[in-house]
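Just below is one structure, and these are the notes that go with it.
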Amino acid sequence: MQKPGYYGQWGGAFIPEVLYETFKELNAAFTAAKADPAFWQEYVDLMATYSCRATPLTHADNLSRHFGGAQIFIKREDLNHTGAHKANNVMGQGLLVKRMGKKRVIAETGAGQHGVATATMAAKFGLECTIYMGEEDVMRQRPNVFWMEKLGAKVVPVTSGSKTLKDAINEAFRDWVTRMDDTHYVMGTVCGPHPFPEMVAWFQSIIGQEAHQQIIKQFGSLPARVYACVGGGSNAMGIFQGFLDHGEVELIGVEAGGHGIDSGQHAARLASKDASAGVAQGYHTMFLQNDDGQMMDTHSVAAGLDYVGVSPILTDLWQQGKVRFEAATDQEVMEALELTMKREGIIPALESSHAFVQAYKEAGDMEADEAIIINMSGRGDKDIFTVAHAFDDPSWKEFIIKKGAEYAA
Amino acid sequence: MQKPGYYGQWGGAFIPEVLYETFKELNAAFTAAKADPAFWQEYVDLMATYSCRATPLTHADNLSRHFGGAQIFIKREDLNHTGAHKANNVMGQGLLVKRMGKKRVIAETGAGQHGVATATMAAKFGLECTIYMGEEDVMRQRPNVFWMEKLGAKVVPVTSGSKTLKDAINEAFRDWVTRMDDTHYVMGTVCGPHPFPEMVAWFQSIIGQEAHQQIIKQFGSLPARVYACVGGGSNAMGIFQGFLDHGEVELIGVEAGGHGIDSGQHAARLASKDASAGVAQGYHTMFLQNDDGQMMDTHSVAAGLDYVGVSPILTDLWQQGKVRFEAATDQEVMEALELTMKREGIIPALESSHAFVQAYKEAGDMEADEAIIINMSGRGDKDIFTVAHAFDDPSWKEFIIKKGAEYAA
Amino acid sequence: MQLEQSIRAELDRPGKDILLMTHIVLGYPSLDINREVVRQMVDNGVEIIEMQIPFSEPMADGPTIVRANQEALEAGTTVRECLEFAEDMCKEHDISFLFMTYYNILYKYGVEAFFKKAKEIGIKGFIIPDLPPEEGEEFWALASQYDIAPTLIYAPTSTEERMQELAANARGFIYCVARKGVTGKQTDFDASFDQYMARCRRNTSLPLAVGFGISCRDDIAYLTGKADIGVIGTATINLVDDKGPEAVGPFIASLR
Amino acid sequence: MQLEQSIRAELDRPGKDILLMTHIVLGYPSLDINREVVRQMVDNGVEIIEMQIPFSEPMADGPTIVRANQEALEAGTTVRECLEFAEDMCKEHDISFLFMTYYNILYKYGVEAFFKKAKEIGIKGFIIPDLPPEEGEEFWALASQYDIAPTLIYAPTSTEERMQELAANARGFIYCVARKGVTGKQTDFDASFDQYMARCRRNTSLPLAVGFGISCRDDIAYLTGKADIGVIGTATINLVDDKGPEAVGPFIASLR
Ligand SMILES: Cc1ncc(COP(=O)(O)O)c(C=O)c1O
Ligand SMILES: Cc1ncc(COP(=O)(O)O)c(C=O)c1O
């Protein structure tokens, strides 16, 4: 029999002893919630009235014509409250926190997206909130820090390690082992110790449930392929679950190819040969690490994909051949983003743009009576600083220089 | 009999002769579309699959408890694609443009919201697009300019007059009188010459239709009051139309009180004594103008409300006593924004925050079995530069100074 | 009928195949310079001058005139000053003066009061580019009552049907806009322009003025025989900006 | 049983009411300084030293040790060097050495290979804070096989039921975490701490070590009679940072 919390050989809960009871309680609460149809209904209602679920499935007519192949559909997680699929997970965990009666939440954040979502949930549920964010990311993503603070959260810059996402996760655990009694750690993706991967995947499955119904209604049959970007893997798991039982639907996870899969500067765990099995951040999966087991620096234009590990559930599906993995380079991402804006008036997040890249590579070779779905995990307009920088936009720079001089005066 | 395009004594179409045929054609196309149920259905379907209509009606439990009076509901136009109610009007006019077979659209924009929405629509419908924007606004709202350009639009800075919204409108008309054959002018609000007020109000009525159904379903009866901010008046007209036939629902329009209604630095046309009847920008309404009929400089922390005129339809409703007008000062707006973020995890646009101010002033004096609806016309996270500036946030300034220095190096 | 009559009278004079109407923006660069410019225009044979009362929203004007409106207002030019200046001009010079402005200036002043005042001063006509006949019922009535010509506009986009409709209300002359667009850009005179002028002529018995982009002797020569009045607008504003008011006289003299 | 036996033997020696276990991060500030620090510790009576093999993700450690891990890695410290250093120490000094590290270091090395190597070197136990018994089946089996103590941890949050469960697998001693949180912060010793220690004692027959926030003679005095081993972690790292390795000997000497 499979050990609970394991997916094939992957997963587990590698946690300090001091959290043993906390995880016991969390597992119990989660198991009870999962078994209770009223809980799921409460979740769906909340997402329908507070966010805008069901999010639409948009037929991208122009792009379909442009590539002259498959009908391209886009699942619009960007239209969620706070601008990404992160809201699903966070609001779900918020309901669980209410059940457990805890008064405080903490979270890690890389790009800031999960931090903003958690701060939002905390405001909505009246919880105290602390967000850990690598110092590098605090500097890069100041707008998100501003919003988190305005939403009432405390943002703690993490100065250890590479000062990015993985270090923020470590720091969140350090907080949690100190204040487990009143605090819940809202893990932002389908990673970390059990039950997080299962829990986050469950909340995100709402994406796939909707997409399945929508494509049947709008297109008349299942899609041939479904594309999602993979950072930790939560948006991918979210949409994939709607089609996993249908072997005829090919599932494609797209990782950050950074400067290229052979450059050493990427975050492709499953699409490159650079990762190996390991145990860190509480779980067993494929990590980008050196021969000693030290985690490596990763790179991506998309902060949300710039992570050393990957969901144990996805690693298992990859190993079973149920999900194909590809990588998109930074440059391909910028091109896909530009094309999507110009042709459809839609601005995918840099993370989401990775999924678009691979779909665009393949759509033209498919038949017009086939459909593909791209999971648009978030919107890009929140990332003006990163996007304008990546496009190296001269008038943006001029604007910032002027504004800076104005404030410095 | 009422002259077409008139609301009481207000409205009309004060247009240069060169546009006579263009308006004739536009009126005909609009009248035909309005009479055709298939057109409205096409519009609703488009908004359901491309934007996220119906947008939710959120019960703000925390704020309701906080004020201890009426049940506060928030109509979530912020969740629309592009982040505001502007999308409704723009996508509707886009469908009309397709019907008319025009190949190019132009629009004015102040805050940039309508410009981004129009650029988005143009990308979606494959139209050429030029956006006129006051030079002042271009400088203040560079992020929106960046997105418009990336969406494929040409943004033309307007250097005449006060270099703001009203001047952008004049400039758009100057373009239109030059290229009326292939060009449609996508007016952004319920102002300007007939048929724009009627047309924009019609497209925006989708807000009120939904809100009416939603409040009945979620609360069980009609609201006692409905609040909306009023720049040109499109979001207000949008929601008000769902309740205009129900005399028991009080409708409240909230204008920009700027530095105070007695300061001379505001944009309160109907809530102050400073406006008088006039004819400009193609229509007859109450304008903030001097004794010679020259338009005055207006002020608001919210660029989208910073306008000299106001919808002729609203002026008529105000005159008839069917809509009450109030003003919210810049300072009140920042307080309401902060409270809304902290208590509900929702970030209203500065424009929308005006409606929240007045609702907050009144909610506490109402009964718990009464409901009010606040129309949240847009989201505030797109306005980081303005909002962070208005909050005078020191770490934001520091961030910008640093970034500026980096780019200047 | 005052304005049409003076136009016809001028046109009947030997050698006057085409009249000149010029344009100034009151208060730009100053009323004093306006005064000098008008003197030079009149001395050099201009038959009609349209005096634009500046407005903050000059929607139908091009960049040069827009800027002139704006600077006149920034310099503090008021409607009262414009009226006083106009009164002086009508007294001093024996040509036809018109007011050109946007409707709000009249509206705010009081439309009837404005007509009354203009009449007192001796103004012969109004050009209000944002007032189509559909919106001008009160205005037409007052125009008849005060015998001030409510100049109407033909555009290249006007159908013959529309021209007929407009002709029914028009007095004085018809202002034929030479091309689509706003004031201040060059107009190409070509076959389609000739057809347009023929269409204008067919649909009114009033004299025809042609404006928008007329700036030199060649333009005037081209218009002669096709139109009754050539309108010089932006050209003199640019001239005064570049070379001062003294340059206006020789320029006008050079046109015919 | 090697480790428990040596502990019991030490505790049986006269005047040894409590043993001292100290902690170093290998490669911080350098292996040379580590060598000197170990010498000073041993010379001043420390009975057990836990040598932390640095890891890039030291999730259960506080700021000081986190920084030490990081700087050790930045200086290029490898697992192989750590093992060689450990081998030297075990040869040079006749006290008990343990490895403290995170599970990935073993996992990547090969868990069995790591046990084998540690055994060869003479290491007596492992402390792996992110390896709960539930995840350690292979690990326990190898620990028995190689007779290396798989030190288990009690926390203030552990129930008696859980302590029993842990005790069943534990060897060597039980590491009682003095308080919630990570290494390096001061611990308040109060009545609830005493109750916690009593609970620990009730639920195992193994010696008890107490760590987290033990930094001075008073702390050790307080623990004496309650615990068998006092663990000094962050305190010596800070000391070496501030005053250099020479300060370690006198500090250790001052503790009991
Ligand atoms: C918009 C967006 N998409 C994708 C991701 C990657 O996370 P995941 O792989 O868990 O969906 C992030 C993470 O921040 C994100 O913000
Ligand atoms: C978010 C938002 N709300 C309100 C307005 C004001 O426009 P209106 O009064 O037409 O709704 C604007 C205009 O830019 C806006 O962007």
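Here, A, B, ... name the chains of the structure tokens in the order displayed, residue numbers run from 1 inside each chain, and ligands are numbered from 1 in the same displayed order.
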Item to check | Close residues to ligand 2 using only C-alpha atoms and all ligand atoms, limit 7 Å, as JSON, numbers by chain | outcome: {"B": [84, 85, 86, 110, 111, 112, 113, 114, 188, 189, 190, 229, 230, 231, 232, 233, 234, 235, 236, 303, 304, 305, 349, 351, 352, 377, 378, 379]}
Checklist entry - Where in region 238-311 of chain B does DSSP assign strand (DSSP E or B), given as an NGL selection string? => result :B and (250-258 or 267 or 276-280 or 283-287 or 289 or 295)
Item to check | Å distance separating CA of Arg256 (chain D) from CA of Asp241 (chain D), one decimal place | outcome: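 For CA of Arg256 (chain D) relative to CA of Asp241 (chain D), the distance reads 22.7 Å.
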Next on the checklist: Select, as a PyMOL selection string, those residues of chain A with any atom no more than 8 Å from chain B (distances computed using only C-alpha atoms).
Outcome noted: chain A and resi 48-52+55-59+62+79-81+119-126+139+142-143+146-147+150-152+338+341-346+381-382+384+388+396-405+407-408
Pull out every residue of chain C that has at least one atom within 8 Å of chain B, counting only C-alpha atoms, and report them as a JSON list (two decimals) with C-alpha atoms, in the first residue's frame.
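As a result, iface_23.json now contains:
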[["chain", "number", "residue", "atom", "x", "y", "z"],
["C", 55, "PHE", "CA", -12.76, 79.31, -26.12],
["C", 56, "SER", "CA", -11.10, 76.76, -23.89],
["C", 57, "GLU", "CA", -12.38, 73.80, -25.97],
["C", 58, "PRO", "CA", -11.82, 74.67, -29.64],
["C", 59, "MET", "CA", -12.79, 71.22, -30.87],
["C", 60, "ALA", "CA", -12.91, 72.01, -34.60],
["C", 61, "ASP", "CA", -9.64, 73.91, -34.80],
["C", 62, "GLY", "CA", -6.17, 72.74, -35.66],
["C", 63, "PRO", "CA", -3.01, 73.12, -33.57],
["C", 66, "VAL", "CA", -5.90, 75.92, -30.66],
["C", 67, "ARG", "CA", -2.69, 77.33, -29.29],
["C", 70, "GLN", "CA", -5.25, 78.97, -25.29],
["C", 78, "THR", "CA", -12.36, 88.03, -21.61],
["C", 79, "VAL", "CA", -15.52, 87.98, -23.67],
["C", 103, "TYR", "CA", -21.60, 77.87, -28.94],
["C", 104, "ASN", "CA", -20.84, 77.89, -25.22],
["C", 105, "ILE", "CA", -19.59, 81.47, -25.43],
["C", 107, "TYR", "CA", -24.86, 80.21, -24.36],
["C", 108, "LYS", "CA", -23.11, 81.43, -21.25],
["C", 109, "TYR", "CA", -23.50, 85.08, -22.23],
["C", 129, "PRO", "CA", -18.71, 75.34, -35.89],
["C", 130, "ASP", "CA", -20.25, 73.22, -33.13],
["C", 131, "LEU", "CA", -23.82, 74.36, -33.71],
["C", 132, "PRO", "CA", -25.55, 72.25, -36.35],
["C", 135, "GLU", "CA", -29.46, 72.22, -32.26],
["C", 153, "ILE", "CA", -21.10, 74.99, -43.27],
["C", 154, "TYR", "CA", -20.82, 72.56, -46.16],
["C", 155, "ALA", "CA", -18.31, 69.78, -45.84],
["C", 156, "PRO", "CA", -16.91, 67.32, -48.37],
["C", 157, "THR", "CA", -18.91, 64.69, -46.52],
["C", 158, "SER", "CA", -22.21, 66.55, -47.00],
["C", 180, "LYS", "CA", -11.98, 66.81, -43.97],
["C", 181, "GLY", "CA", -10.13, 67.65, -40.81],
["C", 182, "VAL", "CA", -9.38, 70.75, -38.82]]
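Omitting Ile229 (chain D) and its sequence neighbours fewer than 4 positions away, and counting only C-alpha atoms, the residues within 10 Å are Ile7, Leu11, Asp17, Ile18, Leu19, Leu20, Met21, Thr22, Glu47, Ile48, Phe173, Ile174, Tyr175, Cys176, Pro207, Leu208, Ala209, Val210, Gly211, Ile220, Leu223, Thr224 and Gly225 of chain D.
CA of Leu152 (chain D) is positioned 21.7 Å from CA of Ile121 (chain D).
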Next on the checklist: I'd like the neighbourhood of Ala143 (chain C) as a list in words, where a residue qualifies if any of its atoms comes within 10 Å (using only C-alpha atoms), though same-chain residues fewer than 2 positions away should be ignored.
Outcome noted: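 In the requested format, the answer is Glu112, Phe115, Lys116, Lys119, Gly125, Phe126, Glu137, Glu138, Phe139, Trp140, Ala141, Gln145, Tyr146, Asp147, Ile148, Ala149, Pro150, Thr151 and Arg171 of chain C.
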Can you write out the residues you just picked, keeping N, CA and C atoms, as a PDB file, in the first residue's frame?
ATOM      1  N   GLU C 112     -29.671  85.369 -26.620  1.00  0.00           N
ATOM      2  CA  GLU C 112     -30.320  86.577 -27.142  1.00  0.00           C
ATOM      3  C   GLU C 112     -29.510  87.826 -26.818  1.00  0.00           C
ATOM      4  N   PHE C 115     -26.753  88.161 -29.293  1.00  0.00           N
ATOM      5  CA  PHE C 115     -27.205  88.678 -30.590  1.00  0.00           C
ATOM      6  C   PHE C 115     -27.414  90.183 -30.516  1.00  0.00           C
ATOM      7  N   LYS C 116     -28.078  90.597 -29.460  1.00  0.00           N
ATOM      8  CA  LYS C 116     -28.400  92.007 -29.291  1.00  0.00           C
ATOM      9  C   LYS C 116     -27.123  92.853 -29.276  1.00  0.00           C
ATOM     10  N   LYS C 119     -25.374  92.908 -32.625  1.00  0.00           N
ATOM     11  CA  LYS C 119     -26.100  93.818 -33.528  1.00  0.00           C
ATOM     12  C   LYS C 119     -25.716  95.270 -33.255  1.00  0.00           C
ATOM     13  N   GLY C 125     -22.310  88.707 -39.016  1.00  0.00           N
ATOM     14  CA  GLY C 125     -22.601  87.265 -39.057  1.00  0.00           C
ATOM     15  C   GLY C 125     -21.869  86.511 -37.982  1.00  0.00           C
ATOM     16  N   PHE C 126     -22.312  85.268 -37.776  1.00  0.00           N
ATOM     17  CA  PHE C 126     -21.665  84.383 -36.808  1.00  0.00           C
ATOM     18  C   PHE C 126     -21.241  83.096 -37.519  1.00  0.00           C
ATOM     19  N   GLU C 137     -32.400  75.890 -33.068  1.00  0.00           N
ATOM     20  CA  GLU C 137     -33.715  76.511 -33.287  1.00  0.00           C
ATOM     21  C   GLU C 137     -33.814  77.940 -32.765  1.00  0.00           C
ATOM     22  N   GLU C 138     -33.463  78.097 -31.485  1.00  0.00           N
ATOM     23  CA  GLU C 138     -33.506  79.421 -30.877  1.00  0.00           C
ATOM     24  C   GLU C 138     -32.575  80.375 -31.646  1.00  0.00           C
ATOM     25  N   PHE C 139     -31.422  79.816 -31.972  1.00  0.00           N
ATOM     26  CA  PHE C 139     -30.389  80.580 -32.661  1.00  0.00           C
ATOM     27  C   PHE C 139     -30.859  81.110 -34.015  1.00  0.00           C
ATOM     28  N   TRP C 140     -31.533  80.232 -34.798  1.00  0.00           N
ATOM     29  CA  TRP C 140     -32.027  80.690 -36.111  1.00  0.00           C
ATOM     30  C   TRP C 140     -33.053  81.792 -35.977  1.00  0.00           C
ATOM     31  N   ALA C 141     -33.914  81.586 -35.017  1.00  0.00           N
ATOM     32  CA  ALA C 141     -34.969  82.574 -34.810  1.00  0.00           C
ATOM     33  C   ALA C 141     -34.348  83.933 -34.498  1.00  0.00           C
ATOM     34  N   GLN C 145     -34.342  87.533 -36.374  1.00  0.00           N
ATOM     35  CA  GLN C 145     -34.814  88.687 -35.629  1.00  0.00           C
ATOM     36  C   GLN C 145     -33.795  89.831 -35.629  1.00  0.00           C
ATOM     37  N   TYR C 146     -32.530  89.483 -35.416  1.00  0.00           N
ATOM     38  CA  TYR C 146     -31.503  90.524 -35.337  1.00  0.00           C
ATOM     39  C   TYR C 146     -30.783  90.761 -36.657  1.00  0.00           C
ATOM     40  N   ASP C 147     -31.185  90.028 -37.690  1.00  0.00           N
ATOM     41  CA  ASP C 147     -30.553  90.137 -39.003  1.00  0.00           C
ATOM     42  C   ASP C 147     -29.033  89.997 -38.929  1.00  0.00           C
ATOM     43  N   ILE C 148     -28.627  88.922 -38.269  1.00  0.00           N
ATOM     44  CA  ILE C 148     -27.211  88.562 -38.247  1.00  0.00           C
ATOM     45  C   ILE C 148     -27.111  87.226 -38.955  1.00  0.00           C
ATOM     46  N   ALA C 149     -26.208  87.125 -39.916  1.00  0.00           N
ATOM     47  CA  ALA C 149     -26.150  85.918 -40.737  1.00  0.00           C
ATOM     48  C   ALA C 149     -25.621  84.734 -39.941  1.00  0.00           C
ATOM     49  N   PRO C 150     -26.396  83.644 -39.842  1.00  0.00           N
ATOM     50  CA  PRO C 150     -25.957  82.444 -39.138  1.00  0.00           C
ATOM     51  C   PRO C 150     -25.261  81.522 -40.130  1.00  0.00           C
ATOM     52  N   THR C 151     -24.012  81.845 -40.425  1.00  0.00           N
ATOM     53  CA  THR C 151     -23.311  81.138 -41.484  1.00  0.00           C
ATOM     54  C   THR C 151     -23.353  79.627 -41.276  1.00  0.00           C
ATOM     55  N   ARG C 171     -27.894  81.971 -44.316  1.00  0.00           N
ATOM     56  CA  ARG C 171     -27.931  83.380 -44.717  1.00  0.00           C
ATOM     57  C   ARG C 171     -26.494  83.834 -44.914  1.00  0.00           C
TER      58      ARG C 171
END
